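Working notes, beginning with the structure itself.
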Amino acid sequence: MEILSHFYEVIIEEGFEGASIAKIAEKMSVNPSLLIHYYKTKDAMIEGLIEHIINTYSSHILPDFSKVEDPKERWEDVLDVVSRIQWGTFLNTTVFYSAYTLSLRDPGVKNKFTELYEKVVGQLQDEIAHAQQANIIQVKDTRQAAQLVMTLIEGANFYQNVSHNGVDIEKRSRMIKETITLMTDNNI
């Protein structure tokens, strides 16, 4: 894991394109052959780091809400968590978006991201269905609603990272909650 931690740091500084086994070894003050012993190629190291990114995000994005007995409180908890999801909370944004960019060219990386998003959409769909069964919200299609929520989160994250004026996190959170509430109140 120490190797991947240093690789992570090099990516922050250089991006995936500028990262090399030699630069990681230099950062660690070790001989490059030591890294090659654990990771035969830079691609193998990238695969290890992508796994780490996916596992980190996956384990933090949506907690288990099943212990919350009151359906209204559970839905409010879901909205609170969803409205605050930010890539930068768990990972360096540069590393995340560099990995995401790799997914556009590398089918293996794309599959990992697809699995991650499918897992999150599935969790959201379960929570939306639970709230709907309790008559807290109404949507026509729980899967489509979950996909729309994911799209909203991703759009908010992207906008937050490219905004020149910065984004007020509390305002952003309120906006996401209000948009989801509007969507679920209008049976979208």
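Labels for the structure tokens follow display order: chains A, B, ..., residues from 1 in each chain, ligands from 1.
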
- request: Can you pull out every residue within 10 Å of Glu154 (chain A), counting only C-alpha atoms, but drop anything in the same chain fewer than 6 positions away, and send it as number ranges by chain?
  value: A: 85-87, 148, 160

Hey, could you make a per-residue contact list for region 115-149 of chain A against region 88-108 of chain A with 12 Å as the cut-off, showing the nearest pair of atoms and its distance in Å to one decimal, counting only C-alpha atoms, sorted by chain and number, as CSV?
residue,atom,partner,partner_atom,distance
A:Glu115,CA,A:Gly108,CA,10.7
A:Leu116,CA,A:Tyr100,CA,11.7
A:Tyr117,CA,A:Tyr100,CA,11.9

Restricting the output to all heavy atoms, write the selected residues as a short mmCIF file (atom, residue, chain, number, x, y, z; two decimals), in the first residue's frame.
data_model
loop_
_atom_site.label_atom_id
_atom_site.label_comp_id
_atom_site.auth_asym_id
_atom_site.auth_seq_id
_atom_site.Cartn_x
_atom_site.Cartn_y
_atom_site.Cartn_z
N GLU A 115 -19.02 -0.40 -12.65
CA GLU A 115 -19.41 -1.20 -11.48
C GLU A 115 -19.69 -0.29 -10.28
O GLU A 115 -20.66 -0.50 -9.55
CB GLU A 115 -18.32 -2.21 -11.13
CG GLU A 115 -18.18 -3.34 -12.11
CD GLU A 115 -16.93 -4.18 -11.86
OE1 GLU A 115 -16.33 -4.10 -10.77
OE2 GLU A 115 -16.54 -4.92 -12.78
N LEU A 116 -18.82 0.68 -10.06
CA LEU A 116 -19.01 1.61 -8.96
C LEU A 116 -20.34 2.35 -9.09
O LEU A 116 -21.15 2.38 -8.17
CB LEU A 116 -17.86 2.62 -8.90
CG LEU A 116 -18.07 3.81 -7.94
CD1 LEU A 116 -18.13 3.35 -6.50
CD2 LEU A 116 -16.97 4.84 -8.14
N TYR A 117 -20.58 2.94 -10.25
CA TYR A 117 -21.80 3.71 -10.44
C TYR A 117 -23.04 2.83 -10.37
O TYR A 117 -24.06 3.24 -9.84
CB TYR A 117 -21.76 4.50 -11.75
CG TYR A 117 -20.88 5.73 -11.64
CD1 TYR A 117 -19.69 5.84 -12.35
CD2 TYR A 117 -21.24 6.78 -10.81
CE1 TYR A 117 -18.89 6.96 -12.25
CE2 TYR A 117 -20.44 7.90 -10.70
CZ TYR A 117 -19.26 7.99 -11.41
OH TYR A 117 -18.48 9.10 -11.30
#

Can you tell me which residues surround Ile36 (chain A) at a distance of at most 12 Å, considering only C-alpha atoms, apart from same-chain residues fewer than 6 positions away, and format the answer as a short mmCIF file (atom, residue, chain, number, x, y, z; two decimals) with C-alpha atoms, in the first residue's frame?
data_model
loop_
_atom_site.label_atom_id
_atom_site.label_comp_id
_atom_site.auth_asym_id
_atom_site.auth_seq_id
_atom_site.Cartn_x
_atom_site.Cartn_y
_atom_site.Cartn_z
CA ILE A 3 3.84 2.12 -3.09
CA SER A 20 6.55 6.75 -13.88
CA ILE A 21 8.03 3.95 -11.84
CA ALA A 22 11.28 5.95 -11.69
CA ILE A 24 7.69 6.90 -7.66
CA ALA A 25 10.93 5.17 -6.69
CA VAL A 30 14.28 3.28 -3.31
CA LYS A 42 3.05 0.99 -14.64
CA ASP A 43 -0.25 -0.42 -15.95
CA ALA A 44 -0.32 -2.97 -13.09
CA MET A 45 0.27 -0.13 -10.64
#

Leu79 (chain A) environment, 9 Å, only C-alpha atoms, sequence neighbours closer than 6 positions dropped, as a PDB file with N, CA, C and O atoms, in the first residue's frame:
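Output below, filename part_7.pdb:
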ATOM      1  N   ILE A 176     -29.304  20.639  -3.923  1.00  0.00           N
ATOM      2  CA  ILE A 176     -29.459  19.234  -4.294  1.00  0.00           C
ATOM      3  C   ILE A 176     -30.675  18.635  -3.587  1.00  0.00           C
ATOM      4  O   ILE A 176     -31.494  17.950  -4.217  1.00  0.00           O
ATOM      5  N   LYS A 177     -30.826  18.894  -2.301  1.00  0.00           N
ATOM      6  CA  LYS A 177     -31.989  18.378  -1.559  1.00  0.00           C
ATOM      7  C   LYS A 177     -33.292  18.898  -2.159  1.00  0.00           C
ATOM      8  O   LYS A 177     -34.245  18.142  -2.345  1.00  0.00           O
ATOM      9  N   ILE A 180     -34.003  17.171  -5.526  1.00  0.00           N
ATOM     10  CA  ILE A 180     -34.485  15.794  -5.338  1.00  0.00           C
ATOM     11  C   ILE A 180     -35.908  15.794  -4.788  1.00  0.00           C
ATOM     12  O   ILE A 180     -36.751  15.018  -5.247  1.00  0.00           O
ATOM     13  N   THR A 181     -36.182  16.673  -3.864  1.00  0.00           N
ATOM     14  CA  THR A 181     -37.527  16.764  -3.299  1.00  0.00           C
ATOM     15  C   THR A 181     -38.536  17.180  -4.372  1.00  0.00           C
ATOM     16  O   THR A 181     -39.618  16.587  -4.459  1.00  0.00           O
TER      17      THR A 181
END

task: Find the distance between CA of Ala145 (chain A) and CA of Glu51 (chain A) and write it in Å to one decimal.
output: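 So the answer is 27.7 Å.
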
- request: Excluding Lys171 (chain A) and residues on its chain fewer than 4 positions from it, collect all residues at most 12 Å away from it, counting only C-alpha atoms, and give them as a PyMOL selection string.
  value: chain A and resi 83-84+156+160+166-167+175-178

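Counting only C-alpha atoms and comparing A:Val120, A:Thr41, A:His130, A:Ile46, the residue that lies closest to Phe7 (chain A) is A:Ile46.
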
- request: Between CA of Leu62 (chain A) and CA of Leu4 (chain A), measure the distance and give it in Å to one decimal.
  value: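 These atoms are spaced 24.7 Å apart.
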
task: Name all residues at most 9 Å from Asp185 (chain A) (count only C-alpha atoms; drop same-chain ones fewer than 5 positions away) and give them as a PyMOL selection string.
output: chain A and resi 136-139+180

- request: Identify all residues of chain A in alpha helix (DSSP H) (DSSP on the backbone) and supply them as a VMD selection string.
  value: chain A and resid 2 to 18 21 to 28 32 to 38 42 to 61 71 to 83 87 to 90 93 to 103 107 to 133 142 to 162 169 to 185

message: Taking only C-alpha atoms into account, name the residue in A:Val82, A:Leu34, A:Ile54, A:Val109 that is nearest to Arg174 (chain A).
response: A:Val82

Residues within 9 Å of Trp75 (chain A), please, as a PDB file with all heavy atoms, in the first residue's frame. Count only C-alpha atoms; anything in the same chain fewer than 3 positions from it doesn't count.
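Writing done, so here's out-v9.pdb:
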ATOM      1  N   PHE A  65     -28.532   2.448   5.676  1.00  0.00           N
ATOM      2  CA  PHE A  65     -29.602   3.185   6.349  1.00  0.00           C
ATOM      3  C   PHE A  65     -30.641   2.264   6.983  1.00  0.00           C
ATOM      4  O   PHE A  65     -31.594   2.727   7.590  1.00  0.00           O
ATOM      5  CB  PHE A  65     -30.314   4.122   5.361  1.00  0.00           C
ATOM      6  CG  PHE A  65     -29.436   5.214   4.831  1.00  0.00           C
ATOM      7  CD1 PHE A  65     -28.900   5.129   3.566  1.00  0.00           C
ATOM      8  CD2 PHE A  65     -29.149   6.328   5.601  1.00  0.00           C
ATOM      9  CE1 PHE A  65     -28.083   6.128   3.068  1.00  0.00           C
ATOM     10  CE2 PHE A  65     -28.338   7.338   5.115  1.00  0.00           C
ATOM     11  CZ  PHE A  65     -27.801   7.243   3.854  1.00  0.00           C
ATOM     12  N   ASP A  70     -37.604   4.788  11.391  1.00  0.00           N
ATOM     13  CA  ASP A  70     -38.625   5.697  10.898  1.00  0.00           C
ATOM     14  C   ASP A  70     -38.351   6.017   9.428  1.00  0.00           C
ATOM     15  O   ASP A  70     -37.300   6.580   9.097  1.00  0.00           O
ATOM     16  CB  ASP A  70     -38.629   6.985  11.725  1.00  0.00           C
ATOM     17  CG  ASP A  70     -39.642   7.982  11.231  1.00  0.00           C
ATOM     18  OD1 ASP A  70     -40.849   7.795  11.512  1.00  0.00           O
ATOM     19  OD2 ASP A  70     -39.232   8.944  10.546  1.00  0.00           O
ATOM     20  N   PRO A  71     -39.280   5.654   8.507  1.00  0.00           N
ATOM     21  CA  PRO A  71     -39.034   5.859   7.073  1.00  0.00           C
ATOM     22  C   PRO A  71     -38.786   7.314   6.693  1.00  0.00           C
ATOM     23  O   PRO A  71     -37.949   7.597   5.837  1.00  0.00           O
ATOM     24  CB  PRO A  71     -40.314   5.343   6.414  1.00  0.00           C
ATOM     25  CG  PRO A  71     -40.930   4.436   7.410  1.00  0.00           C
ATOM     26  CD  PRO A  71     -40.544   4.975   8.760  1.00  0.00           C
ATOM     27  N   LYS A  72     -39.482   8.249   7.318  1.00  0.00           N
ATOM     28  CA  LYS A  72     -39.283   9.668   7.001  1.00  0.00           C
ATOM     29  C   LYS A  72     -37.880  10.115   7.428  1.00  0.00           C
ATOM     30  O   LYS A  72     -37.187  10.798   6.685  1.00  0.00           O
ATOM     31  CB  LYS A  72     -40.357  10.524   7.656  1.00  0.00           C
ATOM     32  CG  LYS A  72     -40.277  11.985   7.248  1.00  0.00           C
ATOM     33  CD  LYS A  72     -41.546  12.709   7.636  1.00  0.00           C
ATOM     34  CE  LYS A  72     -41.534  14.169   7.303  1.00  0.00           C
ATOM     35  NZ  LYS A  72     -41.157  14.525   5.966  1.00  0.00           N
ATOM     36  N   VAL A  78     -30.927   9.942   4.008  1.00  0.00           N
ATOM     37  CA  VAL A  78     -30.444   9.685   2.646  1.00  0.00           C
ATOM     38  C   VAL A  78     -30.200  11.024   1.937  1.00  0.00           C
ATOM     39  O   VAL A  78     -29.150  11.226   1.329  1.00  0.00           O
ATOM     40  CB  VAL A  78     -31.435   8.810   1.845  1.00  0.00           C
ATOM     41  CG1 VAL A  78     -31.054   8.759   0.369  1.00  0.00           C
ATOM     42  CG2 VAL A  78     -31.503   7.403   2.435  1.00  0.00           C
ATOM     43  N   LEU A  79     -31.165  11.928   2.021  1.00  0.00           N
ATOM     44  CA  LEU A  79     -31.002  13.244   1.380  1.00  0.00           C
ATOM     45  C   LEU A  79     -29.794  13.987   1.932  1.00  0.00           C
ATOM     46  O   LEU A  79     -29.052  14.617   1.171  1.00  0.00           O
ATOM     47  CB  LEU A  79     -32.266  14.084   1.561  1.00  0.00           C
ATOM     48  CG  LEU A  79     -33.492  13.680   0.752  1.00  0.00           C
ATOM     49  CD1 LEU A  79     -34.674  14.583   1.094  1.00  0.00           C
ATOM     50  CD2 LEU A  79     -33.203  13.710  -0.739  1.00  0.00           C
ATOM     51  N   ASP A  80     -29.604  13.934   3.247  1.00  0.00           N
ATOM     52  CA  ASP A  80     -28.448  14.602   3.851  1.00  0.00           C
ATOM     53  C   ASP A  80     -27.137  14.051   3.303  1.00  0.00           C
ATOM     54  O   ASP A  80     -26.241  14.804   2.932  1.00  0.00           O
ATOM     55  CB  ASP A  80     -28.462  14.451   5.378  1.00  0.00           C
ATOM     56  CG  ASP A  80     -29.459  15.357   6.059  1.00  0.00           C
ATOM     57  OD1 ASP A  80     -29.902  16.348   5.434  1.00  0.00           O
ATOM     58  OD2 ASP A  80     -29.815  15.078   7.220  1.00  0.00           O
ATOM     59  N   GLU A 127     -33.154   2.843  -1.724  1.00  0.00           N
ATOM     60  CA  GLU A 127     -33.630   3.846  -0.766  1.00  0.00           C
ATOM     61  C   GLU A 127     -34.847   4.593  -1.305  1.00  0.00           C
ATOM     62  O   GLU A 127     -35.775   4.917  -0.549  1.00  0.00           O
ATOM     63  CB  GLU A 127     -32.504   4.819  -0.396  1.00  0.00           C
ATOM     64  CG  GLU A 127     -31.398   4.185   0.420  1.00  0.00           C
ATOM     65  CD  GLU A 127     -31.883   3.512   1.702  1.00  0.00           C
ATOM     66  OE1 GLU A 127     -32.857   3.997   2.327  1.00  0.00           O
ATOM     67  OE2 GLU A 127     -31.281   2.491   2.080  1.00  0.00           O
ATOM     68  N   ILE A 128     -34.855   4.872  -2.589  1.00  0.00           N
ATOM     69  CA  ILE A 128     -36.011   5.535  -3.207  1.00  0.00           C
ATOM     70  C   ILE A 128     -37.223   4.619  -3.129  1.00  0.00           C
ATOM     71  O   ILE A 128     -38.326   5.056  -2.775  1.00  0.00           O
ATOM     72  CB  ILE A 128     -35.680   5.947  -4.663  1.00  0.00           C
ATOM     73  CG1 ILE A 128     -34.662   7.101  -4.647  1.00  0.00           C
ATOM     74  CG2 ILE A 128     -36.945   6.325  -5.432  1.00  0.00           C
ATOM     75  CD1 ILE A 128     -34.029   7.405  -5.994  1.00  0.00           C
ATOM     76  N   HIS A 130     -37.753   2.273  -0.930  1.00  0.00           N
ATOM     77  CA  HIS A 130     -38.165   2.200   0.484  1.00  0.00           C
ATOM     78  C   HIS A 130     -39.010   3.418   0.854  1.00  0.00           C
ATOM     79  O   HIS A 130     -40.053   3.289   1.499  1.00  0.00           O
ATOM     80  CB  HIS A 130     -36.927   2.107   1.390  1.00  0.00           C
ATOM     81  CG  HIS A 130     -37.253   1.939   2.824  1.00  0.00           C
ATOM     82  ND1 HIS A 130     -37.429   3.004   3.675  1.00  0.00           N
ATOM     83  CD2 HIS A 130     -37.471   0.820   3.563  1.00  0.00           C
ATOM     84  CE1 HIS A 130     -37.721   2.559   4.881  1.00  0.00           C
ATOM     85  NE2 HIS A 130     -37.751   1.234   4.832  1.00  0.00           N
ATOM     86  N   ALA A 131     -38.562   4.593   0.450  1.00  0.00           N
ATOM     87  CA  ALA A 131     -39.319   5.820   0.748  1.00  0.00           C
ATOM     88  C   ALA A 131     -40.659   5.820   0.017  1.00  0.00           C
ATOM     89  O   ALA A 131     -41.667   6.281   0.555  1.00  0.00           O
ATOM     90  CB  ALA A 131     -38.491   7.049   0.378  1.00  0.00           C
ATOM     91  N   ILE A 136     -43.640   8.311   1.333  1.00  0.00           N
ATOM     92  CA  ILE A 136     -42.935   9.562   1.618  1.00  0.00           C
ATOM     93  C   ILE A 136     -42.666  10.310   0.326  1.00  0.00           C
ATOM     94  O   ILE A 136     -42.704  11.535   0.290  1.00  0.00           O
ATOM     95  CB  ILE A 136     -41.643   9.273   2.399  1.00  0.00           C
ATOM     96  CG1 ILE A 136     -42.044   8.699   3.754  1.00  0.00           C
ATOM     97  CG2 ILE A 136     -40.768  10.498   2.529  1.00  0.00           C
ATOM     98  CD1 ILE A 136     -40.966   8.214   4.606  1.00  0.00           C
TER      99      ILE A 136
END
